[in-house]
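J.: The structure file upload11.cif (mmCIF, N, CA and C atoms) is provided below.
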```
data_structure
loop_
_atom_site.label_atom_id
_atom_site.label_comp_id
_atom_site.auth_asym_id
_atom_site.auth_seq_id
_atom_site.Cartn_x
_atom_site.Cartn_y
_atom_site.Cartn_z
N MET A 174 7.97 28.27 15.60
CA MET A 174 8.10 26.86 15.85
C MET A 174 7.85 26.10 14.55
N VAL A 175 8.72 25.14 14.23
CA VAL A 175 8.59 24.32 13.03
C VAL A 175 7.96 23.00 13.41
N LEU A 176 6.90 22.64 12.71
CA LEU A 176 6.24 21.37 12.97
C LEU A 176 6.99 20.25 12.26
N ALA A 177 7.10 19.12 12.89
CA ALA A 177 7.74 17.96 12.26
C ALA A 177 6.88 17.48 11.11
N GLU A 178 7.54 17.09 10.05
CA GLU A 178 6.81 16.58 8.89
C GLU A 178 6.15 15.27 9.26
N SER A 179 4.91 15.10 8.84
CA SER A 179 4.19 13.88 9.17
C SER A 179 4.75 12.70 8.38
N PRO A 180 4.53 11.49 8.88
CA PRO A 180 5.05 10.31 8.18
C PRO A 180 4.46 10.18 6.78
N ILE A 181 5.24 9.60 5.90
CA ILE A 181 4.77 9.33 4.55
C ILE A 181 3.80 8.16 4.63
N ARG A 182 2.65 8.32 4.01
CA ARG A 182 1.61 7.28 4.06
C ARG A 182 1.72 6.40 2.82
N ILE A 183 2.13 5.18 3.03
CA ILE A 183 2.39 4.23 1.94
C ILE A 183 1.35 3.13 1.98
N ILE A 184 0.81 2.83 0.82
CA ILE A 184 -0.03 1.65 0.65
C ILE A 184 0.77 0.70 -0.25
N MET A 185 1.00 -0.50 0.23
CA MET A 185 1.68 -1.51 -0.57
C MET A 185 0.66 -2.57 -0.96
N VAL A 186 0.46 -2.73 -2.27
CA VAL A 186 -0.49 -3.70 -2.78
C VAL A 186 0.32 -4.89 -3.30
N ASP A 187 0.23 -5.99 -2.57
CA ASP A 187 1.03 -7.17 -2.87
C ASP A 187 0.33 -8.38 -2.29
N ASP A 188 0.20 -9.44 -3.06
CA ASP A 188 -0.46 -10.64 -2.58
C ASP A 188 0.44 -11.50 -1.69
N ASP A 189 1.69 -11.09 -1.50
CA ASP A 189 2.64 -11.84 -0.69
C ASP A 189 2.89 -11.11 0.64
N ALA A 190 2.34 -11.66 1.72
CA ALA A 190 2.47 -11.03 3.04
C ALA A 190 3.92 -10.90 3.48
N GLU A 191 4.77 -11.84 3.07
CA GLU A 191 6.19 -11.77 3.44
C GLU A 191 6.87 -10.56 2.79
N ASP A 192 6.51 -10.25 1.55
CA ASP A 192 7.08 -9.08 0.88
C ASP A 192 6.65 -7.79 1.57
N ILE A 193 5.40 -7.74 2.01
CA ILE A 193 4.91 -6.56 2.72
C ILE A 193 5.67 -6.41 4.04
N PHE A 194 5.83 -7.50 4.77
CA PHE A 194 6.55 -7.46 6.04
C PHE A 194 8.00 -7.02 5.82
N LEU A 195 8.66 -7.60 4.83
CA LEU A 195 10.06 -7.26 4.56
C LEU A 195 10.22 -5.79 4.18
N THR A 196 9.38 -5.32 3.29
CA THR A 196 9.46 -3.92 2.87
C THR A 196 9.21 -2.98 4.04
N ARG A 197 8.20 -3.27 4.83
CA ARG A 197 7.91 -2.46 6.02
C ARG A 197 9.12 -2.43 6.96
N SER A 198 9.72 -3.59 7.19
CA SER A 198 10.89 -3.68 8.08
C SER A 198 12.08 -2.90 7.53
N LEU A 199 12.33 -3.04 6.23
CA LEU A 199 13.47 -2.34 5.62
C LEU A 199 13.27 -0.83 5.63
N LEU A 200 12.05 -0.39 5.38
CA LEU A 200 11.77 1.05 5.44
C LEU A 200 12.01 1.59 6.85
N LYS A 201 11.57 0.85 7.84
CA LYS A 201 11.77 1.27 9.22
C LYS A 201 13.27 1.35 9.54
N ARG A 202 14.02 0.34 9.14
CA ARG A 202 15.46 0.31 9.40
C ARG A 202 16.20 1.40 8.62
N SER A 203 15.63 1.85 7.50
CA SER A 203 16.29 2.88 6.69
C SER A 203 16.16 4.26 7.31
N GLY A 204 15.25 4.40 8.28
CA GLY A 204 15.07 5.68 8.95
C GLY A 204 13.99 6.56 8.35
N VAL A 205 13.33 6.10 7.31
CA VAL A 205 12.24 6.87 6.70
C VAL A 205 11.04 6.84 7.64
N ARG A 206 10.49 8.02 7.91
CA ARG A 206 9.27 8.10 8.72
C ARG A 206 8.08 7.79 7.82
N ALA A 207 7.55 6.59 7.98
CA ALA A 207 6.47 6.17 7.10
C ALA A 207 5.53 5.22 7.83
N THR A 208 4.28 5.25 7.40
CA THR A 208 3.34 4.21 7.80
C THR A 208 3.10 3.37 6.54
N VAL A 209 3.12 2.07 6.70
CA VAL A 209 2.93 1.18 5.55
C VAL A 209 1.73 0.30 5.82
N LYS A 210 0.72 0.44 4.98
CA LYS A 210 -0.46 -0.40 5.07
C LYS A 210 -0.38 -1.41 3.93
N GLY A 211 -0.46 -2.68 4.26
CA GLY A 211 -0.42 -3.72 3.25
C GLY A 211 -1.81 -4.15 2.84
N LEU A 212 -2.02 -4.20 1.54
CA LEU A 212 -3.28 -4.68 0.98
C LEU A 212 -2.93 -5.79 -0.02
N THR A 213 -3.80 -6.78 -0.17
CA THR A 213 -3.46 -7.94 -0.97
C THR A 213 -3.97 -7.92 -2.41
N SER A 214 -4.72 -6.89 -2.78
CA SER A 214 -5.26 -6.86 -4.14
C SER A 214 -5.69 -5.45 -4.54
N GLY A 215 -5.88 -5.30 -5.84
CA GLY A 215 -6.42 -4.04 -6.34
C GLY A 215 -7.80 -3.77 -5.78
N LYS A 216 -8.58 -4.80 -5.61
CA LYS A 216 -9.93 -4.66 -5.05
C LYS A 216 -9.85 -4.02 -3.66
N GLU A 217 -8.90 -4.49 -2.83
CA GLU A 217 -8.74 -3.90 -1.49
C GLU A 217 -8.27 -2.45 -1.58
N LEU A 218 -7.40 -2.14 -2.55
CA LEU A 218 -6.93 -0.77 -2.73
C LEU A 218 -8.09 0.16 -3.07
N PHE A 219 -8.93 -0.24 -3.99
CA PHE A 219 -10.03 0.63 -4.40
C PHE A 219 -11.08 0.77 -3.28
N ALA A 220 -11.23 -0.27 -2.47
CA ALA A 220 -12.11 -0.15 -1.29
C ALA A 220 -11.52 0.85 -0.29
N HIS A 221 -10.19 0.81 -0.11
CA HIS A 221 -9.53 1.77 0.79
C HIS A 221 -9.72 3.20 0.28
N ILE A 222 -9.53 3.39 -1.02
CA ILE A 222 -9.71 4.72 -1.60
C ILE A 222 -11.15 5.20 -1.44
N LYS A 223 -12.09 4.30 -1.67
CA LYS A 223 -13.50 4.67 -1.53
C LYS A 223 -13.81 5.10 -0.10
N ASN A 224 -13.25 4.38 0.87
CA ASN A 224 -13.54 4.66 2.28
C ASN A 224 -12.73 5.81 2.86
N ASN A 225 -11.51 6.03 2.36
CA ASN A 225 -10.60 7.00 2.96
C ASN A 225 -10.20 8.15 2.04
N GLY A 226 -10.46 8.01 0.76
CA GLY A 226 -10.10 9.03 -0.21
C GLY A 226 -8.66 8.91 -0.69
N ILE A 227 -8.41 9.42 -1.88
CA ILE A 227 -7.07 9.43 -2.46
C ILE A 227 -6.11 10.21 -1.57
N GLY A 228 -6.60 11.26 -0.93
CA GLY A 228 -5.75 12.11 -0.10
C GLY A 228 -5.19 11.42 1.13
N SER A 229 -5.61 10.18 1.39
CA SER A 229 -5.10 9.43 2.54
C SER A 229 -3.81 8.68 2.21
N ILE A 230 -3.33 8.84 0.98
CA ILE A 230 -2.17 8.08 0.51
C ILE A 230 -1.15 9.05 -0.10
N ASP A 231 0.13 8.82 0.18
CA ASP A 231 1.21 9.56 -0.47
C ASP A 231 1.90 8.73 -1.55
N VAL A 232 2.09 7.45 -1.27
CA VAL A 232 2.81 6.55 -2.19
C VAL A 232 2.07 5.23 -2.27
N ILE A 233 1.94 4.71 -3.50
CA ILE A 233 1.42 3.37 -3.69
C ILE A 233 2.54 2.53 -4.28
N LEU A 234 2.88 1.44 -3.58
CA LEU A 234 3.81 0.44 -4.11
C LEU A 234 2.94 -0.68 -4.65
N LEU A 235 3.02 -0.90 -5.95
CA LEU A 235 2.08 -1.77 -6.63
C LEU A 235 2.80 -2.96 -7.26
N ASP A 236 2.60 -4.14 -6.68
CA ASP A 236 3.19 -5.35 -7.21
C ASP A 236 2.62 -5.63 -8.59
N ILE A 237 3.46 -6.11 -9.49
CA ILE A 237 2.99 -6.42 -10.84
C ILE A 237 2.29 -7.76 -10.89
N ASN A 238 2.90 -8.78 -10.33
CA ASN A 238 2.41 -10.15 -10.45
C ASN A 238 1.47 -10.51 -9.32
N MET A 239 0.18 -10.29 -9.57
CA MET A 239 -0.85 -10.66 -8.60
C MET A 239 -1.95 -11.42 -9.33
N PRO A 240 -2.62 -12.35 -8.63
CA PRO A 240 -3.71 -13.07 -9.28
C PRO A 240 -4.92 -12.17 -9.49
N ILE A 241 -5.80 -12.58 -10.33
CA ILE A 241 -7.05 -11.91 -10.69
C ILE A 241 -6.80 -10.62 -11.47
N GLN A 242 -6.13 -9.65 -10.86
CA GLN A 242 -5.86 -8.37 -11.53
C GLN A 242 -4.40 -8.00 -11.26
N ASP A 243 -3.60 -7.95 -12.33
CA ASP A 243 -2.18 -7.63 -12.12
C ASP A 243 -1.99 -6.14 -11.87
N GLY A 244 -0.79 -5.77 -11.47
CA GLY A 244 -0.50 -4.39 -11.13
C GLY A 244 -0.72 -3.41 -12.26
N PHE A 245 -0.47 -3.84 -13.49
CA PHE A 245 -0.68 -2.95 -14.63
C PHE A 245 -2.16 -2.62 -14.80
N ALA A 246 -3.03 -3.59 -14.60
CA ALA A 246 -4.48 -3.35 -14.70
C ALA A 246 -4.92 -2.40 -13.58
N VAL A 247 -4.38 -2.58 -12.39
CA VAL A 247 -4.71 -1.69 -11.26
C VAL A 247 -4.22 -0.27 -11.58
N LEU A 248 -3.01 -0.16 -12.12
CA LEU A 248 -2.46 1.15 -12.48
C LEU A 248 -3.35 1.86 -13.49
N GLN A 249 -3.79 1.15 -14.51
CA GLN A 249 -4.66 1.76 -15.52
C GLN A 249 -5.95 2.29 -14.90
N LYS A 250 -6.50 1.54 -13.97
CA LYS A 250 -7.73 1.99 -13.30
C LYS A 250 -7.43 3.20 -12.40
N LEU A 251 -6.30 3.17 -11.70
CA LEU A 251 -5.92 4.30 -10.84
C LEU A 251 -5.75 5.58 -11.63
N LYS A 252 -5.17 5.49 -12.80
CA LYS A 252 -4.89 6.68 -13.61
C LYS A 252 -6.15 7.38 -14.09
N LYS A 253 -7.30 6.74 -13.95
CA LYS A 253 -8.57 7.36 -14.32
C LYS A 253 -9.10 8.30 -13.25
N TYR A 254 -8.54 8.23 -12.04
CA TYR A 254 -8.96 9.12 -10.95
C TYR A 254 -8.46 10.52 -11.26
N PRO A 255 -9.32 11.54 -11.16
CA PRO A 255 -8.89 12.90 -11.49
C PRO A 255 -7.89 13.50 -10.51
N ASP A 256 -7.91 13.06 -9.27
CA ASP A 256 -7.05 13.67 -8.26
C ASP A 256 -5.86 12.78 -7.89
N ILE A 257 -5.38 12.00 -8.84
CA ILE A 257 -4.29 11.06 -8.61
C ILE A 257 -2.91 11.71 -8.74
N SER A 258 -2.84 12.91 -9.26
CA SER A 258 -1.55 13.52 -9.59
C SER A 258 -0.65 13.78 -8.37
N ASP A 259 -1.20 13.84 -7.17
CA ASP A 259 -0.39 14.05 -5.97
C ASP A 259 0.34 12.80 -5.50
N LEU A 260 -0.05 11.65 -6.02
CA LEU A 260 0.51 10.38 -5.58
C LEU A 260 1.78 10.01 -6.34
N ASN A 261 2.66 9.30 -5.67
CA ASN A 261 3.74 8.59 -6.34
C ASN A 261 3.30 7.15 -6.46
N ILE A 262 3.16 6.68 -7.68
CA ILE A 262 2.77 5.29 -7.91
C ILE A 262 4.00 4.57 -8.45
N VAL A 263 4.47 3.59 -7.69
CA VAL A 263 5.69 2.89 -8.04
C VAL A 263 5.35 1.42 -8.27
N MET A 264 5.65 0.94 -9.46
CA MET A 264 5.49 -0.48 -9.75
C MET A 264 6.62 -1.20 -9.05
N TYR A 265 6.30 -2.35 -8.47
CA TYR A 265 7.19 -3.01 -7.53
C TYR A 265 7.18 -4.50 -7.86
N SER A 266 8.34 -5.05 -8.21
CA SER A 266 8.37 -6.44 -8.64
C SER A 266 9.66 -7.13 -8.22
N THR A 267 9.62 -8.46 -8.15
CA THR A 267 10.83 -9.21 -7.85
C THR A 267 11.75 -9.26 -9.06
N SER A 268 11.19 -9.11 -10.24
CA SER A 268 12.02 -9.14 -11.45
C SER A 268 12.28 -7.73 -11.94
N LYS A 269 13.32 -7.58 -12.70
CA LYS A 269 13.64 -6.29 -13.31
C LYS A 269 13.77 -6.51 -14.81
N ARG A 270 12.64 -6.49 -15.46
CA ARG A 270 12.61 -6.68 -16.90
C ARG A 270 12.41 -5.34 -17.57
N GLU A 271 13.18 -5.10 -18.60
CA GLU A 271 13.05 -3.81 -19.32
C GLU A 271 11.65 -3.62 -19.86
N THR A 272 11.00 -4.71 -20.28
CA THR A 272 9.65 -4.57 -20.84
C THR A 272 8.67 -4.12 -19.76
N GLU A 273 8.83 -4.61 -18.53
CA GLU A 273 7.94 -4.19 -17.44
C GLU A 273 8.19 -2.73 -17.07
N ASP A 274 9.45 -2.35 -17.04
CA ASP A 274 9.82 -0.96 -16.74
C ASP A 274 9.22 -0.03 -17.79
N ALA A 275 9.37 -0.39 -19.06
CA ALA A 275 8.84 0.43 -20.16
C ALA A 275 7.31 0.51 -20.09
N ARG A 276 6.68 -0.61 -19.82
CA ARG A 276 5.21 -0.60 -19.74
C ARG A 276 4.72 0.24 -18.57
N ALA A 277 5.42 0.16 -17.43
CA ALA A 277 5.04 0.97 -16.27
C ALA A 277 5.11 2.45 -16.62
N THR A 278 6.18 2.86 -17.29
CA THR A 278 6.33 4.25 -17.71
C THR A 278 5.23 4.64 -18.69
N GLU A 279 4.98 3.78 -19.65
CA GLU A 279 3.96 4.04 -20.67
C GLU A 279 2.57 4.22 -20.04
N LEU A 280 2.28 3.46 -18.99
CA LEU A 280 0.97 3.54 -18.34
C LEU A 280 0.89 4.66 -17.30
N GLY A 281 2.00 5.35 -17.07
CA GLY A 281 1.96 6.52 -16.19
C GLY A 281 2.47 6.32 -14.78
N ALA A 282 3.16 5.20 -14.51
CA ALA A 282 3.75 5.02 -13.17
C ALA A 282 4.88 6.03 -13.00
N ASP A 283 5.14 6.40 -11.76
CA ASP A 283 6.23 7.32 -11.47
C ASP A 283 7.57 6.62 -11.40
N GLY A 284 7.54 5.30 -11.34
CA GLY A 284 8.79 4.56 -11.30
C GLY A 284 8.56 3.07 -11.29
N PHE A 285 9.65 2.35 -11.44
CA PHE A 285 9.65 0.89 -11.39
C PHE A 285 10.82 0.50 -10.51
N VAL A 286 10.57 -0.30 -9.49
CA VAL A 286 11.61 -0.67 -8.54
C VAL A 286 11.59 -2.17 -8.33
N GLN A 287 12.77 -2.75 -8.34
CA GLN A 287 12.88 -4.16 -7.98
C GLN A 287 12.78 -4.28 -6.47
N LYS A 288 12.02 -5.25 -5.98
CA LYS A 288 11.82 -5.42 -4.55
C LYS A 288 13.17 -5.66 -3.88
N PRO A 289 13.46 -4.90 -2.86
CA PRO A 289 14.74 -5.09 -2.15
C PRO A 289 14.69 -6.32 -1.25
N GLU A 290 15.84 -6.93 -1.08
CA GLU A 290 15.94 -8.09 -0.20
C GLU A 290 16.70 -7.76 1.08
N ARG A 291 17.42 -6.64 1.08
CA ARG A 291 18.20 -6.23 2.26
C ARG A 291 18.30 -4.72 2.27
N LEU A 292 18.72 -4.17 3.36
CA LEU A 292 18.78 -2.73 3.55
C LEU A 292 19.63 -2.05 2.47
N GLU A 293 20.70 -2.68 2.06
CA GLU A 293 21.59 -2.10 1.04
C GLU A 293 20.91 -1.93 -0.32
N ASP A 294 19.81 -2.64 -0.53
CA ASP A 294 19.08 -2.58 -1.81
C ASP A 294 17.98 -1.52 -1.82
N MET A 295 17.87 -0.74 -0.77
CA MET A 295 16.74 0.18 -0.61
C MET A 295 16.88 1.51 -1.34
N SER A 296 18.05 1.83 -1.86
CA SER A 296 18.27 3.18 -2.38
C SER A 296 17.29 3.57 -3.48
N GLU A 297 17.02 2.68 -4.40
CA GLU A 297 16.10 3.01 -5.51
C GLU A 297 14.68 3.25 -4.99
N LEU A 298 14.23 2.41 -4.09
CA LEU A 298 12.90 2.58 -3.52
C LEU A 298 12.81 3.88 -2.72
N LEU A 299 13.85 4.19 -1.97
CA LEU A 299 13.84 5.40 -1.14
C LEU A 299 13.73 6.67 -1.96
N LYS A 300 14.23 6.66 -3.19
CA LYS A 300 14.10 7.83 -4.07
C LYS A 300 12.64 8.19 -4.27
N PHE A 301 11.81 7.18 -4.44
CA PHE A 301 10.39 7.42 -4.71
C PHE A 301 9.58 7.63 -3.44
N VAL A 302 9.95 6.94 -2.38
CA VAL A 302 9.19 7.00 -1.14
C VAL A 302 9.44 8.31 -0.40
N SER A 303 10.68 8.78 -0.40
CA SER A 303 11.00 9.93 0.43
C SER A 303 10.64 11.27 -0.20
N ARG A 304 10.30 11.29 -1.45
CA ARG A 304 9.88 12.56 -2.04
C ARG A 304 8.37 12.60 -2.16
N ARG A 305 7.87 13.76 -2.08
CA ARG A 305 6.43 13.97 -2.24
C ARG A 305 6.23 14.91 -3.41
N LYS A 306 5.25 14.61 -4.22
CA LYS A 306 5.01 15.45 -5.39
C LYS A 306 4.58 16.85 -4.99
N MET A 307 3.73 16.94 -4.00
CA MET A 307 3.21 18.23 -3.56
C MET A 307 3.18 18.23 -2.04
N ALA A 308 3.38 19.37 -1.46
CA ALA A 308 3.28 19.46 0.00
C ALA A 308 1.80 19.36 0.35
N ARG A 309 1.49 18.46 1.24
CA ARG A 309 0.11 18.31 1.69
C ARG A 309 0.04 18.56 3.18
N THR A 310 -1.07 19.04 3.61
CA THR A 310 -1.30 19.18 5.04
C THR A 310 -2.04 17.94 5.49
N HIS A 311 -1.43 17.21 6.40
CA HIS A 311 -2.05 15.98 6.90
C HIS A 311 -2.87 16.32 8.13
N ALA A 312 -4.06 15.77 8.15
CA ALA A 312 -4.95 16.00 9.30
C ALA A 312 -4.51 15.19 10.48
#
```
Starting from the file, give its structure as structure tokens.

T.:
Amino acid sequence: MVLAESPIRIIMVDDDAEDIFLTRSLLKRSGVRATVKGLTSGKELFAHIKNNGIGSIDVILLDINMPIQDGFAVLQKLKKYPDISDLNIVMYSTSKRETEDARATELGADGFVQKPERLEDMSELLKFVSRRKMARTHA
């Protein structure tokens, strides 16, 4: 008997609740089996990691433009975790600037994706969300 693969566990860090709602809706409509937890800041992300562990996340969608601590600062702090290599960390922004893409790569993000506005725009995001770096056993 083959067990069904468990849903991909996504944490989306974005200070805009509408963007979280839209991304969650588009992922659902795309057919990807995923749970999406929205957090509004890096502070909330690190509290989630402290309480649930890095192993509770498969993909982090990290908005660049956030108040107090931008996505690049959060990424730099995340990269200091020793057990972060199993995660896909994707920088996520409304703009697509080459400088942001280059900086994301330089800081160790697995990708940079422009926020989709409709289902047809999901292909780039789905590349990062639907793959897992390592097979994990989910409890």

J.: Written as a list in words, what is the full residue list that the PyMOL selection byres ((chain A and resi 238-252) around 6.5) yields on the file shown?

T.: Asp188, Gly215, Leu235, Asp236, Ile237, Lys253, Tyr254, Pro255, Ile257, Ser266 and Leu280 of chain A

J.: Here's the selection I'm unsure about, the PyMOL selection byres ((chain A and resi 186) around 6.5); applied to the file above, which residues does it give, as a list in words?

T.: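 Here the PyMOL selection byres ((chain A and resi 186) around 6.5) matches Ile184, Met185, Asp187, Asp188, Lys210, Gly211, Leu212, Thr213, Ser214, Gly215, Ile233, Leu234, Leu235 and Asp236 of chain A.
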
J.: Which of chain A end up as helix (DSSP H, G or I) when DSSP is run on this backbone - answer as a ChimeraX atom specification?

T.: /A:190-203,215-225,227-229,244-251,257-259,271-279,292-294,296-302

J.: Mind giving me the straight-line distance from atom CA of A:Asp294 to atom CA of A:Ser179 in Å, one decimal?

T.: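 Spanning atom CA of A:Asp294 to atom CA of A:Ser179 is a straight-line distance of 24.8 Å.
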
J.: So which bits of chain A end up strand (DSSP E) when you DSSP the backbone, as an MDAnalysis selection string?

T.: chainID A and resid 181:186 207:212 232:236 261:266 284:287

J.: Exactly which residues make up the result of the PyMOL selection byres (((chain A and resi 199-207 and name CA) around 8) and name CA) on this file, given as a list in words?

T.: Ser179, Pro180, Ile181, Arg182, Ile183, Leu195, Thr196, Arg197, Ser198, Thr208, Val209, Arg291, Leu292, Met295 and Ser303 of chain A

J.: Store the residues picked out above in a file with N, CA and C atoms, as a PDB file, in the frame of the given file.

T.:
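Saved the output as result.pdb:
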```pdb
ATOM      1  N   SER A 179       4.910  15.100   8.840  1.00  0.00           N
ATOM      2  CA  SER A 179       4.190  13.880   9.170  1.00  0.00           C
ATOM      3  C   SER A 179       4.750  12.700   8.380  1.00  0.00           C
ATOM      4  N   PRO A 180       4.530  11.490   8.880  1.00  0.00           N
ATOM      5  CA  PRO A 180       5.050  10.310   8.180  1.00  0.00           C
ATOM      6  C   PRO A 180       4.460  10.180   6.780  1.00  0.00           C
ATOM      7  N   ILE A 181       5.240   9.600   5.900  1.00  0.00           N
ATOM      8  CA  ILE A 181       4.770   9.330   4.550  1.00  0.00           C
ATOM      9  C   ILE A 181       3.800   8.160   4.630  1.00  0.00           C
ATOM     10  N   ARG A 182       2.650   8.320   4.010  1.00  0.00           N
ATOM     11  CA  ARG A 182       1.610   7.280   4.060  1.00  0.00           C
ATOM     12  C   ARG A 182       1.720   6.400   2.820  1.00  0.00           C
ATOM     13  N   ILE A 183       2.130   5.180   3.030  1.00  0.00           N
ATOM     14  CA  ILE A 183       2.390   4.230   1.940  1.00  0.00           C
ATOM     15  C   ILE A 183       1.350   3.130   1.980  1.00  0.00           C
ATOM     16  N   LEU A 195       8.660  -7.600   4.830  1.00  0.00           N
ATOM     17  CA  LEU A 195      10.060  -7.260   4.560  1.00  0.00           C
ATOM     18  C   LEU A 195      10.220  -5.790   4.180  1.00  0.00           C
ATOM     19  N   THR A 196       9.380  -5.320   3.290  1.00  0.00           N
ATOM     20  CA  THR A 196       9.460  -3.920   2.870  1.00  0.00           C
ATOM     21  C   THR A 196       9.210  -2.980   4.040  1.00  0.00           C
ATOM     22  N   ARG A 197       8.200  -3.270   4.830  1.00  0.00           N
ATOM     23  CA  ARG A 197       7.910  -2.460   6.020  1.00  0.00           C
ATOM     24  C   ARG A 197       9.120  -2.430   6.960  1.00  0.00           C
ATOM     25  N   SER A 198       9.720  -3.590   7.190  1.00  0.00           N
ATOM     26  CA  SER A 198      10.890  -3.680   8.080  1.00  0.00           C
ATOM     27  C   SER A 198      12.080  -2.900   7.530  1.00  0.00           C
ATOM     28  N   THR A 208       4.280   5.250   7.400  1.00  0.00           N
ATOM     29  CA  THR A 208       3.340   4.210   7.800  1.00  0.00           C
ATOM     30  C   THR A 208       3.100   3.370   6.540  1.00  0.00           C
ATOM     31  N   VAL A 209       3.120   2.070   6.700  1.00  0.00           N
ATOM     32  CA  VAL A 209       2.930   1.180   5.550  1.00  0.00           C
ATOM     33  C   VAL A 209       1.730   0.300   5.820  1.00  0.00           C
ATOM     34  N   ARG A 291      17.420  -6.640   1.080  1.00  0.00           N
ATOM     35  CA  ARG A 291      18.200  -6.230   2.260  1.00  0.00           C
ATOM     36  C   ARG A 291      18.300  -4.720   2.270  1.00  0.00           C
ATOM     37  N   LEU A 292      18.720  -4.170   3.360  1.00  0.00           N
ATOM     38  CA  LEU A 292      18.780  -2.730   3.550  1.00  0.00           C
ATOM     39  C   LEU A 292      19.630  -2.050   2.470  1.00  0.00           C
ATOM     40  N   MET A 295      17.870  -0.740  -0.770  1.00  0.00           N
ATOM     41  CA  MET A 295      16.740   0.180  -0.610  1.00  0.00           C
ATOM     42  C   MET A 295      16.880   1.510  -1.340  1.00  0.00           C
ATOM     43  N   SER A 303      10.680   8.780  -0.400  1.00  0.00           N
ATOM     44  CA  SER A 303      11.000   9.930   0.430  1.00  0.00           C
ATOM     45  C   SER A 303      10.640  11.270  -0.200  1.00  0.00           C
TER      46      SER A 303
END
```

J.: To one decimal in Å, tell me the separation between atom CA of A:Asn261 and atom CA of A:Val232.

T.: 4.7 Å

J.: Mind giving me the straight-line distance from atom CA of A:Tyr265 to atom CA of A:Ala220 in Å, one decimal?

T.: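 These two atoms are separated by 20.5 Å.
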
J.: Using all atoms listed in the file, which of the listed residues (A:Thr267, A:Asp231, A:His221, A:Ile262) sits closest to A:Pro289?

T.: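 Using all atoms listed in the file, the shortest distance to A:Pro289 belongs to A:Thr267.
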